[in-house]
$ cat upload09.cif   # mmCIF, C-alpha atoms
data_start
loop_
_atom_site.label_atom_id
_atom_site.label_comp_id
_atom_site.auth_asym_id
_atom_site.auth_seq_id
_atom_site.Cartn_x
_atom_site.Cartn_y
_atom_site.Cartn_z
CA MET A 1082 80.49 102.30 123.50
CA SER A 1083 79.76 98.89 124.99
CA LYS A 1084 81.07 95.66 123.50
CA GLU A 1085 77.51 94.60 122.64
CA LYS A 1086 76.86 97.81 120.70
CA ARG A 1087 80.12 97.46 118.77
CA LEU A 1088 79.31 93.86 117.88
CA LYS A 1089 75.81 94.89 116.82
CA LYS A 1090 77.30 97.40 114.39
CA ILE A 1091 79.54 94.72 112.95
CA ALA A 1092 76.50 92.46 112.47
CA GLU A 1093 74.61 95.29 110.72
CA ALA A 1094 77.51 96.01 108.37
CA LEU A 1095 77.92 92.32 107.55
CA ALA A 1096 74.21 92.08 106.74
CA GLU A 1097 74.53 95.05 104.38
CA MET A 1098 77.53 93.43 102.70
CA ALA A 1099 75.66 90.15 102.35
CA ALA A 1100 73.04 92.13 100.44
CA GLY A 1101 75.72 93.40 98.04
CA ARG A 1102 76.26 96.82 99.58
CA PHE A 1103 79.95 97.17 100.27
CA TYR A 1104 80.04 100.92 100.69
CA TYR A 1105 79.35 100.85 104.43
CA HIS A 1106 82.17 101.15 106.93
CA ILE A 1107 82.09 100.43 110.64
CA GLU A 1108 83.40 103.11 112.99
CA LYS A 1109 86.31 102.11 115.21
CA SER A 1110 86.56 103.02 118.87
CA SER A 1111 89.75 104.39 120.35
CA LYS A 1112 90.44 101.15 122.24
CA LYS A 1113 92.56 99.57 119.47
CA ASP A 1114 91.60 96.15 120.78
CA ASN A 1115 90.72 92.94 118.97
CA ILE A 1116 87.27 94.24 118.04
CA ASP A 1117 88.82 97.35 116.45
CA ALA A 1118 91.24 95.12 114.56
CA LEU A 1119 88.31 93.01 113.34
CA ILE A 1120 86.51 96.21 112.27
CA SER A 1121 89.61 97.35 110.35
CA GLY A 1122 89.73 93.97 108.63
CA ILE A 1123 86.05 94.14 107.65
CA ASN A 1124 86.39 97.72 106.38
CA MET A 1125 89.44 96.85 104.30
CA MET A 1126 87.73 93.72 102.99
CA ALA A 1127 84.71 95.79 101.95
CA GLU A 1128 86.98 98.17 100.03
CA GLU A 1129 88.75 95.31 98.28
CA ILE A 1130 85.52 93.48 97.36
CA SER A 1131 83.87 96.67 96.23
CA GLU A 1132 86.70 97.29 93.80
CA ALA A 1133 86.87 93.65 92.72
CA LEU A 1134 83.15 93.73 91.86
CA LEU A 1135 83.60 96.81 89.73
CA HIS A 1136 86.57 95.26 88.08
CA GLU A 1137 84.69 92.07 87.33
CA GLY A 1138 81.90 94.19 85.93
CA TYR A 1139 84.38 95.81 83.61
CA VAL A 1140 85.88 92.54 82.42
CA ASN A 1141 82.68 90.59 81.85
CA SER A 1142 80.21 93.34 81.29
CA ASN A 1143 77.66 91.08 79.62
CA GLU A 1144 77.53 88.92 82.74
CA THR A 1145 77.73 91.34 85.58
CA ILE A 1146 76.16 94.73 85.41
CA LYS A 1147 77.32 97.68 87.41
CA HIS A 1148 74.63 99.27 89.49
CA ILE A 1149 75.13 102.93 90.06
CA VAL A 1150 73.57 104.11 93.27
CA LEU A 1151 73.24 107.83 93.50
CA MET A 1152 72.89 110.07 96.48
CA ASN A 1153 71.76 113.58 95.64
CA PHE A 1154 71.37 116.40 98.12
CA GLU A 1155 70.15 119.88 97.31
CA ILE A 1156 71.40 122.27 99.97
CA ASP A 1157 70.02 125.77 100.57
CA LEU A 1158 71.92 128.94 101.44
CA ASN A 1159 71.73 128.15 105.16
CA GLY A 1160 73.45 124.80 104.70
CA LYS A 1161 70.20 122.87 105.18
CA VAL A 1162 69.03 119.99 103.02
CA LYS A 1163 66.32 121.31 100.70
CA ALA A 1164 65.63 118.09 98.84
CA ILE A 1165 67.05 114.59 98.63
CA ASN A 1166 66.52 111.53 96.43
CA GLN A 1167 65.00 108.31 97.74
CA GLN A 1168 68.20 106.27 97.31
CA ALA A 1169 70.12 108.60 99.58
CA CYS A 1170 67.42 108.11 102.25
CA ASP A 1171 67.73 104.33 101.79
CA ILE A 1172 71.52 104.35 102.04
CA LEU A 1173 71.47 106.54 105.15
CA SER A 1174 68.49 104.62 106.64
CA TYR A 1175 66.49 107.79 107.29
CA THR A 1176 63.12 108.85 105.92
CA CYS A 1177 62.99 111.85 103.62
CA GLU A 1178 61.20 113.87 106.33
CA GLU A 1179 63.97 113.13 108.81
CA ILE A 1180 66.59 114.61 106.47
CA VAL A 1181 64.91 117.55 104.71
CA GLY A 1182 65.20 120.78 106.68
CA LYS A 1183 68.12 119.55 108.77
CA SER A 1184 71.62 120.90 108.43
CA PHE A 1185 73.65 118.83 105.92
CA ASP A 1186 76.44 118.31 108.44
CA CYS A 1187 74.05 116.41 110.77
CA PHE A 1188 74.57 113.43 108.46
CA LEU A 1189 78.36 113.56 108.45
CA ASN A 1190 80.79 112.04 110.93
CA GLU A 1191 82.86 114.20 113.33
CA LYS A 1192 85.93 114.36 111.08
CA SER A 1193 83.95 115.42 108.03
CA VAL A 1194 82.02 118.25 109.70
CA PRO A 1195 84.91 120.80 109.92
CA LYS A 1196 86.02 119.82 106.42
CA TRP A 1197 82.54 120.46 105.06
CA LYS A 1198 82.24 123.76 106.96
CA ARG A 1199 85.53 125.03 105.51
CA HIS A 1200 84.41 124.24 101.98
CA TRP A 1201 80.91 125.55 102.60
CA ASN A 1202 82.27 128.96 103.63
CA LYS A 1203 84.49 129.14 100.56
CA LEU A 1204 81.62 128.13 98.29
CA LYS A 1205 79.32 130.72 99.85
CA ASP A 1206 81.96 133.45 99.53
CA LYS A 1207 82.38 132.52 95.85
CA LYS A 1208 86.01 131.68 96.52
CA MET A 1209 85.35 128.27 95.10
CA LYS A 1210 83.33 127.01 92.17
CA ASP A 1211 82.47 123.37 91.58
CA THR A 1212 84.62 121.04 93.60
CA SER A 1213 84.95 117.49 94.87
CA LEU A 1214 85.53 116.42 98.42
CA ASP A 1215 85.91 113.21 100.41
CA LEU A 1216 83.23 113.15 103.10
CA THR A 1217 82.02 110.38 105.38
CA PHE A 1218 78.28 110.09 106.03
CA ARG A 1219 76.85 108.43 109.12
CA THR A 1220 73.71 106.31 108.80
CA LYS A 1221 70.88 106.30 111.34
CA HIS A 1222 72.31 103.02 112.67
CA GLY A 1223 75.78 104.49 113.05
CA LEU A 1224 77.50 102.86 110.05
CA LEU A 1225 79.85 105.03 108.04
CA VAL A 1226 79.66 105.69 104.29
CA PRO A 1227 82.94 107.22 103.03
CA SER A 1228 82.11 108.99 99.79
CA ALA A 1229 83.67 111.09 97.08
CA CYS A 1230 81.24 114.00 96.81
CA TYR A 1231 80.91 116.19 93.74
CA ILE A 1232 79.68 119.62 94.71
CA ASN A 1233 78.12 121.98 92.19
CA ARG A 1234 76.89 125.53 92.74
CA LEU A 1235 73.53 126.34 91.20
CA GLY A 1236 73.33 129.98 90.19
CA GLY A 1237 70.27 132.23 90.09
CA LYS A 1238 69.22 135.22 88.00
CA ALA A 1239 71.45 137.75 89.72
CA GLY A 1240 74.45 135.48 89.32
CA GLY A 1241 74.51 134.60 93.00
CA MET A 1242 74.37 131.11 94.45
CA GLU A 1243 70.84 129.73 94.82
CA SER A 1244 71.70 126.32 96.17
CA LEU A 1245 74.24 123.52 96.05
CA ILE A 1246 73.96 120.04 94.64
CA VAL A 1247 76.01 117.32 96.32
CA THR A 1248 76.26 114.14 94.26
CA VAL A 1249 77.65 110.78 95.37
CA VAL A 1250 78.11 107.76 93.10
CA LYS A 1251 78.13 104.29 94.62
CA HIS A 1252 78.13 100.82 93.15
CA SER A 1253 76.57 97.53 94.09
CA LYS A 1254 75.77 94.32 92.29
CA LYS A 1255 72.08 94.00 91.69
CA GLN A 1256 71.54 93.02 88.12
CA VAL A 1257 67.81 92.45 88.47
CA GLU A 1258 67.20 95.84 90.02
CA LEU A 1259 69.13 97.59 87.29
CA GLU A 1260 67.20 95.85 84.53
CA GLU A 1261 63.90 96.68 86.19
CA TYR A 1262 65.03 100.25 86.59
CA LEU A 1263 65.93 100.55 82.92
CA MET A 1264 62.66 98.92 81.81
CA GLU A 1265 60.71 101.29 84.01
CA LYS A 1266 62.44 104.29 82.50
CA GLU A 1267 61.77 103.01 79.01
CA LYS A 1268 58.12 102.48 79.75
CA ASN A 1269 57.79 105.96 81.10
CA GLY A 1270 59.06 107.27 77.77
CA ARG A 1271 60.94 110.15 79.32
CA GLU A 1272 62.91 112.64 77.33
CA ASN A 1273 66.21 111.00 78.09
CA SER A 1274 64.99 107.48 77.43
CA LYS A 1275 66.28 107.93 73.89
CA ARG A 1276 69.75 107.77 75.31
CA GLU A 1277 68.96 104.79 77.49
CA LYS A 1278 67.61 102.53 74.75
CA PRO A 1279 70.94 102.03 73.01
CA ILE A 1280 72.58 101.32 76.38
CA LEU A 1281 70.05 98.61 77.08
CA SER A 1282 70.29 97.06 73.64
CA SER A 1283 74.07 97.18 73.70
CA MET A 1284 74.02 95.25 76.98
CA VAL A 1285 71.95 92.53 75.34
CA ASN A 1286 73.63 92.47 71.94
CA LYS A 1287 77.25 93.03 72.84
CA GLN A 1288 78.98 89.68 72.63
CA LYS A 1289 82.29 89.97 74.40
CA VAL A 1290 84.88 87.29 74.89
CA ILE A 1291 84.38 85.88 78.36
CA LEU A 1292 87.46 85.68 80.52
CA THR A 1293 87.02 83.02 83.16
CA SER A 1294 88.43 83.54 86.64
CA SER A 1295 91.20 81.08 85.72
CA ASP A 1296 92.03 83.21 82.62
CA ILE A 1297 92.13 86.33 84.78
CA ALA A 1298 94.38 84.59 87.31
CA LYS A 1299 96.80 83.64 84.50
CA ILE A 1300 96.82 87.15 83.08
CA ARG A 1301 97.60 88.46 86.56
CA GLN A 1302 100.48 85.97 86.82
CA VAL A 1303 101.85 87.26 83.51
CA ARG A 1304 101.49 90.83 84.78
CA ASN A 1305 103.33 89.98 88.01
CA TYR A 1306 106.03 88.25 85.98
CA PHE A 1307 106.55 91.44 83.92
CA ILE A 1308 106.61 93.70 86.99
CA GLU A 1309 109.07 91.53 88.87
CA ASN A 1310 111.45 91.12 85.92
CA LEU A 1311 111.50 94.52 84.25
CA GLU A 1312 115.28 94.37 83.80
CA ARG A 1313 114.96 91.34 81.49
CA ASP A 1314 114.33 90.97 77.78
CA PHE A 1315 110.96 89.26 77.63
CA PRO A 1316 110.36 86.25 75.38
CA PRO A 1317 107.72 86.49 72.62
CA ILE A 1318 104.10 86.38 73.85
CA GLU A 1319 103.57 82.96 72.20
CA LYS A 1320 106.27 81.48 74.41
CA LEU A 1321 105.00 83.23 77.56
CA ALA A 1322 101.48 82.05 76.82
CA ARG A 1323 102.68 78.44 76.67
CA GLU A 1324 104.63 78.84 79.92
CA PHE A 1325 101.61 80.23 81.75
CA GLY A 1326 99.20 77.70 80.22
CA THR A 1327 97.12 80.13 78.18
CA ASN A 1328 97.12 81.45 74.61
CA THR A 1329 98.37 84.58 72.84
CA PHE A 1330 94.88 85.88 72.14
CA LYS A 1331 93.80 85.69 75.78
CA ILE A 1332 96.94 87.48 76.97
CA LYS A 1333 96.56 90.26 74.41
CA TYR A 1334 92.82 90.60 74.91
CA GLY A 1335 93.08 90.19 78.68
CA PHE A 1336 95.66 92.93 79.06
CA LYS A 1337 93.46 95.36 77.17
CA GLU A 1338 90.45 94.43 79.27
CA LEU A 1339 92.15 94.27 82.66
CA TYR A 1340 94.74 97.00 82.39
CA GLY A 1341 93.40 99.05 79.49
CA VAL A 1342 96.61 98.86 77.41
CA SER A 1343 98.40 96.45 75.08
CA VAL A 1344 101.08 94.13 76.48
CA PHE A 1345 103.75 96.26 74.80
CA HIS A 1346 102.44 99.47 76.35
CA PHE A 1347 101.97 97.83 79.73
CA ILE A 1348 105.65 96.82 79.86
CA ARG A 1349 106.74 100.21 78.58
CA ASN A 1350 104.60 102.04 81.16
CA GLU A 1351 105.89 99.87 84.02
CA ARG A 1352 109.50 100.42 82.94
CA LEU A 1353 108.95 104.16 82.80
CA ARG A 1354 107.11 104.18 86.16
CA LYS A 1355 109.98 102.39 87.89
CA ALA A 1356 112.55 104.57 86.12
CA LYS A 1357 110.77 107.75 87.24
CA MET A 1358 110.78 106.58 90.86
CA LEU A 1359 114.50 105.86 90.69
CA VAL A 1360 115.34 109.09 88.85
CA GLU A 1361 113.45 111.21 91.38
CA GLY A 1362 114.06 109.34 94.56
CA SER A 1363 117.60 108.02 94.31
CA ASN A 1364 121.04 108.93 93.05
CA ILE A 1365 121.51 105.72 91.07
CA THR A 1366 123.34 106.42 87.80
CA PHE A 1367 121.24 106.65 84.66
CA LYS A 1368 123.25 103.79 83.16
CA ARG A 1369 122.21 101.55 86.06
CA ILE A 1370 118.58 102.72 85.88
CA THR A 1371 118.64 101.88 82.16
CA GLN A 1372 119.68 98.32 83.08
CA LEU A 1373 117.35 97.98 86.08
CA CYS A 1374 114.35 99.02 84.03
CA GLY A 1375 115.20 97.00 80.93
CA PHE A 1376 115.87 99.78 78.43
CA LYS A 1377 118.22 98.98 75.55
CA SER A 1378 120.61 101.92 75.97
CA VAL A 1379 120.98 105.18 77.88
CA PRO A 1380 120.10 107.35 74.82
CA SER A 1381 116.97 105.31 74.06
CA PHE A 1382 115.99 105.45 77.75
CA SER A 1383 116.53 109.20 77.81
CA THR A 1384 114.46 109.76 74.64
CA THR A 1385 111.56 107.55 75.78
CA PHE A 1386 111.64 109.22 79.21
CA LYS A 1387 111.52 112.71 77.72
CA ASN A 1388 108.68 111.78 75.36
CA GLU A 1389 106.68 110.50 78.32
CA PHE A 1390 107.41 113.07 81.05
CA GLY A 1391 108.58 116.11 79.09
CA TYR A 1392 111.98 116.11 80.83
CA THR A 1393 115.13 114.08 80.32
CA PRO A 1394 116.12 111.99 83.37
CA LYS A 1395 118.86 114.50 84.14
CA GLN A 1396 116.50 117.48 83.97
CA LEU A 1397 113.90 115.74 86.13
CA ARG A 1398 116.42 114.75 88.80
CA ARG A 1399 117.73 118.30 88.95
CA LYS A 1400 114.19 119.69 89.17
CA PHE A 1401 113.20 117.20 91.88
CA THR A 1402 116.36 117.90 93.91
CA LEU A 1403 115.80 121.67 93.71
CA GLU A 1404 112.14 121.37 94.72
CA ASN A 1405 112.94 119.15 97.69
CA SER A 1406 116.12 120.75 98.96
CA MET B 25 123.43 110.60 107.46
CA ASP B 26 122.43 107.68 109.68
CA SER B 27 118.85 108.60 110.37
CA ILE B 28 116.06 110.85 109.12
CA GLU B 29 112.58 111.47 110.40
CA ASN B 30 109.33 112.70 108.90
CA ASN B 31 105.78 113.00 110.25
CA TYR B 32 105.25 109.30 109.79
CA ALA B 33 108.41 107.42 110.70
CA LEU B 34 112.02 107.38 111.77
CA TYR B 35 114.45 105.83 109.28
CA THR B 36 117.77 104.50 110.62
CA LEU B 37 120.60 102.52 109.06
CA ASN B 38 122.42 100.04 111.25
CA GLY B 39 124.52 97.00 110.38
CA GLY B 40 123.32 96.89 106.77
CA ILE B 41 119.65 96.89 107.79
CA LEU B 42 117.28 99.78 107.19
CA TYR B 43 115.07 100.30 110.25
CA ILE B 44 111.77 102.07 109.71
CA ARG B 45 109.84 102.78 112.89
CA TYR B 46 106.42 104.37 112.47
CA HIS B 47 105.34 106.91 115.08
CA ALA B 48 102.34 106.21 117.31
CA ASP B 49 98.74 106.54 116.05
CA ILE B 50 99.63 106.95 112.39
CA VAL B 51 96.92 107.01 109.72
CA ILE B 52 98.41 106.60 106.26
CA LYS B 53 96.58 108.12 103.30
CA TYR B 54 97.78 108.37 99.71
CA GLU B 55 99.86 111.55 100.19
CA GLY B 56 101.46 109.99 103.26
CA ALA B 57 102.32 106.80 101.39
CA VAL B 58 104.04 108.83 98.64
CA LYS B 59 106.03 110.79 101.23
CA ILE B 60 107.02 107.62 103.12
CA VAL B 61 108.43 105.98 99.98
CA ALA B 62 110.05 109.16 98.62
CA ASP B 63 111.86 109.90 101.90
CA ARG B 64 113.01 106.31 102.17
CA LEU B 65 114.45 106.39 98.64
CA ARG B 66 116.27 109.64 99.34
CA PHE B 67 117.66 108.22 102.57
CA GLN B 68 118.91 105.06 100.85
CA GLN B 69 120.84 107.04 98.21
CA GLY B 70 120.36 104.35 95.61
CA ILE B 71 121.49 101.42 97.74
CA CYS B 72 119.26 98.39 98.15
CA TYR B 73 118.76 97.19 101.78
CA PRO B 74 116.74 94.66 103.72
CA ALA B 75 114.28 96.58 105.90
CA LEU B 76 112.88 96.05 109.36
CA CYS B 77 109.62 97.91 109.44
CA ASP B 78 108.02 98.44 112.86
CA ILE B 79 104.35 99.12 112.13
CA THR B 80 103.03 98.80 115.68
CA GLY B 81 102.18 102.54 115.63
CA VAL B 82 100.13 102.32 112.43
CA GLU B 83 96.43 102.60 113.04
CA GLU B 84 95.03 102.66 109.54
CA VAL B 85 96.14 102.53 105.90
CA ASP B 86 93.42 103.60 103.48
CA LYS B 87 92.75 101.93 100.13
CA PRO B 88 94.61 104.41 97.84
CA ALA B 89 97.62 104.25 100.21
CA ARG B 90 97.51 100.44 100.25
CA ASP B 91 97.42 100.39 96.44
CA TYR B 92 100.36 102.80 96.23
CA LEU B 93 102.44 100.85 98.74
CA ALA B 94 101.61 97.61 96.94
CA SER B 95 103.06 98.91 93.67
CA GLU B 96 105.86 101.21 94.91
CA GLY B 97 106.44 100.21 98.52
CA SER B 98 109.15 97.60 97.98
CA ILE B 99 111.28 99.39 95.39
CA LEU B 100 115.01 99.27 96.30
CA LEU B 101 114.39 96.81 99.13
CA LYS B 102 115.84 93.29 99.28
CA ALA B 103 113.45 91.93 101.91
CA VAL B 104 111.02 93.28 104.50
CA ALA B 105 110.32 92.13 108.05
CA PHE B 106 107.26 93.74 109.62
CA ILE B 107 107.22 94.05 113.39
CA VAL B 108 103.67 93.70 114.66
CA GLY B 109 102.82 93.91 118.31
CA ASN B 110 99.11 94.68 118.66
CA PRO B 111 95.86 93.61 116.98
CA MET B 112 95.75 96.62 114.63
CA SER B 113 99.23 96.21 113.19
CA ASN B 114 98.62 92.47 112.98
CA ILE B 115 95.58 92.85 110.74
CA ILE B 116 97.29 95.50 108.60
CA SER B 117 100.29 93.25 107.92
CA TYR B 118 97.95 90.28 107.28
CA PHE B 119 96.11 92.28 104.68
CA TYR B 120 99.25 93.56 103.04
CA LEU B 121 100.76 90.11 102.75
CA LYS B 122 97.56 88.49 101.48
CA THR B 123 96.39 91.12 99.03
CA THR B 124 99.59 92.52 97.51
CA LYS B 125 101.76 89.43 97.06
CA PRO B 126 105.02 91.39 97.54
CA SER B 127 107.69 90.75 94.92
CA ILE B 128 110.44 90.50 97.59
CA PRO B 129 110.61 88.17 100.64
CA THR B 130 108.27 89.71 103.22
CA LYS B 131 107.23 88.33 106.62
CA ALA B 132 105.61 89.54 109.82
CA PHE B 133 107.23 88.98 113.23
CA GLN B 134 106.33 89.67 116.84
CA ASP B 135 109.95 89.39 117.89
CA VAL B 136 112.63 91.85 116.71
CA GLU B 137 115.49 89.35 117.05
CA GLU B 138 113.69 86.80 114.90
CA ALA B 139 113.04 89.50 112.33
CA LYS B 140 116.73 90.44 112.27
CA LEU B 141 117.67 86.81 111.79
CA PHE B 142 115.35 86.63 108.79
CA LEU B 143 116.87 89.79 107.29
CA GLU B 144 120.51 88.82 107.84
CA LYS B 145 120.40 86.53 104.81
CA TYR B 146 119.81 89.58 102.61
CA ILE B 147 122.50 91.94 103.94
#

$ encode --input "upload09.cif" --output "structure tokens"
Amino acid sequence: MSKEKRLKKIAEALAEMAAGRFYYHIEKSSKKDNIDALISGINMMAEEISEALLHEGYVNSNETIKHIVLMNFEIDLNGKVKAINQQACDILSYTCEEIVGKSFDCFLNEKSVPKWKRHWNKLKDKKMKDTSLDLTFRTKHGLLVPSACYINRLGGKAGGMESLIVTVVKHSKKQVELEEYLMEKEKNGRENSKREKPILSSMVNKQKVILTSSDIAKIRQVRNYFIENLERDFPPIEKLAREFGTNTFKIKYGFKELYGVSVFHFIRNERLRKAKMLVEGSNITFKRITQLCGFKSVPSFSTTFKNEFGYTPKQLRRKFTLENS
Amino acid sequence: MDSIENNYALYTLNGGILYIRYHADIVIKYEGAVKIVADRLRFQQGICYPALCDITGVEEVDKPARDYLASEGSILLKAVAFIVGNPMSNIISYFYLKTTKPSIPTKAFQDVEEAKLFLEKYI
């Protein structure tokens, strides 16, 4: 592919990202030159931003609303697309007519085609029921859309497979669109609008504490401090809050919002995670692991470890060694 | 045991430094990242080393692998010197250093001797 074409693809992907759609990837060539490095950087950046947007949506859900973009494909017994939703056409930049009737694998990249074919054969032979699969779609303009696909078999009267549904969930950040979409659904008074009304009202009524980006940065600093000092006895949260220039409430609330657990459980989980790595992957004594991971004593470490993983450290190390020898 | 090898890299111990040299055209996904760390830990036998990590052969590290390496990648290491020699490895090390904020001293070098000099402090 010429340099101009490669740069054009980069420009297209950047335009999509500027419009809030971070699920596109640019395909690399095999040249491994500066343009490929730039493409890698853009692809990685898109992944990071995509996740950061979701994360922000989770933290301040009354400010930023997640937009779930769905791609749905119905696939017939010959592997051809029987029906498709409009959003999938938009994401792939094709018209509905250009997709329906074509083989599903026409819209995948080279690496995904054999993967899809393998799964397709198993699904057809009933060796596999519902499954999920990482596939990469290719748009009309040649951009890539790596996607986790959920594949469901639809059965018919005789119990055989009638068709397949492939579902892909994507996210972007278009608050206005989402609100319009919800309003539209409400107006239409569909059967399932009953379920949507409470969602809409909860978005309006739910008053959550707002964590500013500076609060989030401080909570992350506290988290990093915990992870880097697991062997230590940590001071009370009040003292830590003062040291990091925040308050107890924000740390406690922020940990629940950002990491889904209390500060106590976060530290405990991190200690256990590190301990498990060292138990499985090294021959460091359990006494030393107890110290390195900040447990009070070997017996208390052993008990907590067993409660969490179902094995004592000794049993797990033996099991791991046997499995890997 | 002075060296081991898996599908991703060759691990060697020399002069108190752990050398990890990735093979050519390596794409690291989550399962690969787990294997890379697990084999390294087994090779180290519980001893903490500074590591010289030649990533010039690495072509891509996907998001789940990056996340795994960010949280588990530096366990039992005193310091890491990445050797980068081409645009791809350069951008990968850039990203790692910028997005993961490693908890141990970590730097990227073009020159192996400079990298060794940096690691010598941690032997």

$ resolve_selection --input "upload09.cif" --expression "the PyMOL selection byres ((chain B and resi 132) around 8)" --output "JSON, numbers by chain"
{"B": [105, 106, 107, 108, 117, 130, 131, 133, 134, 139]}

$ resolve_selection --input "upload09.cif" --expression "the PyMOL selection byres ((chain A) within 7 of (chain B))" --output "PyMOL selection string"
chain A and resi 1113-1115+1118+1122+1128+1309+1362-1365

$ atom_distance --input "upload09.cif" --atom1 "atom CA of Lys1355 of chain A" --atom2 "atom CA of Glu1324 of chain A"
25.4 Å

$ resolve_selection --input "upload09.cif" --expression "the PyMOL selection byres ((chain A and resi 1336-1350) around 9)" --output "list in words"
His1136, Tyr1139, Val1140, Ile1297, Ile1300, Arg1301, Arg1304, Phe1307, Ile1308, Leu1311, Ile1318, Lys1331, Ile1332, Lys1333, Tyr1334, Gly1335, Glu1351, Arg1352, Leu1353, Arg1354 and Lys1355 of chain A

$ atom_distance --input "upload09.cif" --atom1 "atom CA of Asp1314 of chain A" --atom2 "atom CA of Phe1390 of chain A"
23.4 Å

$ residues_around --input "upload09.cif" --residues "Lys1163 of chain A" --least-positions-apart "5" --cutoff "12 Å" --atoms "all atoms listed in the file" --output "list in words"
Asn1153, Phe1154, Glu1155, Ile1156, Asp1157, Leu1158, Cys1177, Glu1178, Glu1179, Ile1180, Val1181, Gly1182, Lys1183, Ser1184, Phe1185, Glu1243, Ser1244, Leu1245, Ile1246 and Val1247 of chain A

$ atom_distance --input "upload09.cif" --atom1 "atom CA of Lys1251 of chain A" --atom2 "atom CA of Ala1127 of chain A"
13.0 Å

$ closest_residue --input "upload09.cif" --among "A:Leu1373, A:Ile1091, A:Ala1298, A:Leu1359" --to "Arg1313 of chain A" --atoms "all atoms listed in the file"
A:Leu1373

$ residues_around --input "upload09.cif" --residues "segment 1215-1227 of chain A" --least-positions-apart "6" --cutoff "10 Å" --atoms "only C-alpha atoms" --output "VMD selection string"
chain A and resid 1089 to 1091 1093 to 1094 1103 to 1108 1124 1170 to 1176 1185 to 1194 1196 to 1197 1249 1251

$ write_last_selection --input "upload09.cif" --atoms "C-alpha atoms" --output "PDB file, in the coordinates of the input"
ATOM      1  CA  LYS A1089      75.810  94.890 116.820  1.00  0.00           C
ATOM      2  CA  LYS A1090      77.300  97.400 114.390  1.00  0.00           C
ATOM      3  CA  ILE A1091      79.540  94.720 112.950  1.00  0.00           C
ATOM      4  CA  GLU A1093      74.610  95.290 110.720  1.00  0.00           C
ATOM      5  CA  ALA A1094      77.510  96.010 108.370  1.00  0.00           C
ATOM      6  CA  PHE A1103      79.950  97.170 100.270  1.00  0.00           C
ATOM      7  CA  TYR A1104      80.040 100.920 100.690  1.00  0.00           C
ATOM      8  CA  TYR A1105      79.350 100.850 104.430  1.00  0.00           C
ATOM      9  CA  HIS A1106      82.170 101.150 106.930  1.00  0.00           C
ATOM     10  CA  ILE A1107      82.090 100.430 110.640  1.00  0.00           C
ATOM     11  CA  GLU A1108      83.400 103.110 112.990  1.00  0.00           C
ATOM     12  CA  ASN A1124      86.390  97.720 106.380  1.00  0.00           C
ATOM     13  CA  CYS A1170      67.420 108.110 102.250  1.00  0.00           C
ATOM     14  CA  ASP A1171      67.730 104.330 101.790  1.00  0.00           C
ATOM     15  CA  ILE A1172      71.520 104.350 102.040  1.00  0.00           C
ATOM     16  CA  LEU A1173      71.470 106.540 105.150  1.00  0.00           C
ATOM     17  CA  SER A1174      68.490 104.620 106.640  1.00  0.00           C
ATOM     18  CA  TYR A1175      66.490 107.790 107.290  1.00  0.00           C
ATOM     19  CA  THR A1176      63.120 108.850 105.920  1.00  0.00           C
ATOM     20  CA  PHE A1185      73.650 118.830 105.920  1.00  0.00           C
ATOM     21  CA  ASP A1186      76.440 118.310 108.440  1.00  0.00           C
ATOM     22  CA  CYS A1187      74.050 116.410 110.770  1.00  0.00           C
ATOM     23  CA  PHE A1188      74.570 113.430 108.460  1.00  0.00           C
ATOM     24  CA  LEU A1189      78.360 113.560 108.450  1.00  0.00           C
ATOM     25  CA  ASN A1190      80.790 112.040 110.930  1.00  0.00           C
ATOM     26  CA  GLU A1191      82.860 114.200 113.330  1.00  0.00           C
ATOM     27  CA  LYS A1192      85.930 114.360 111.080  1.00  0.00           C
ATOM     28  CA  SER A1193      83.950 115.420 108.030  1.00  0.00           C
ATOM     29  CA  VAL A1194      82.020 118.250 109.700  1.00  0.00           C
ATOM     30  CA  LYS A1196      86.020 119.820 106.420  1.00  0.00           C
ATOM     31  CA  TRP A1197      82.540 120.460 105.060  1.00  0.00           C
ATOM     32  CA  VAL A1249      77.650 110.780  95.370  1.00  0.00           C
ATOM     33  CA  LYS A1251      78.130 104.290  94.620  1.00  0.00           C
TER      34      LYS A1251
END

$ closest_residue --input "upload09.cif" --among "A:Asp1296, A:Glu1097, A:Glu1132, A:Glu1404" --to "Phe1325 of chain A" --atoms "all atoms listed in the file"
A:Asp1296

$ closest_residue --input "upload09.cif" --among "B:Val82, B:Ala89, B:Leu34, B:Cys77" --to "Ile50 of chain B" --atoms "only C-alpha atoms"
B:Val82

$ residues_near_point --input "upload09.cif" --point "(85.3, 118.4, 94.5)" --cutoff "12 Å" --atoms "all atoms listed in the file" --output "number ranges by chain"
A: 1197, 1200-1201, 1204, 1209-1216, 1228-1234, 1246-1249
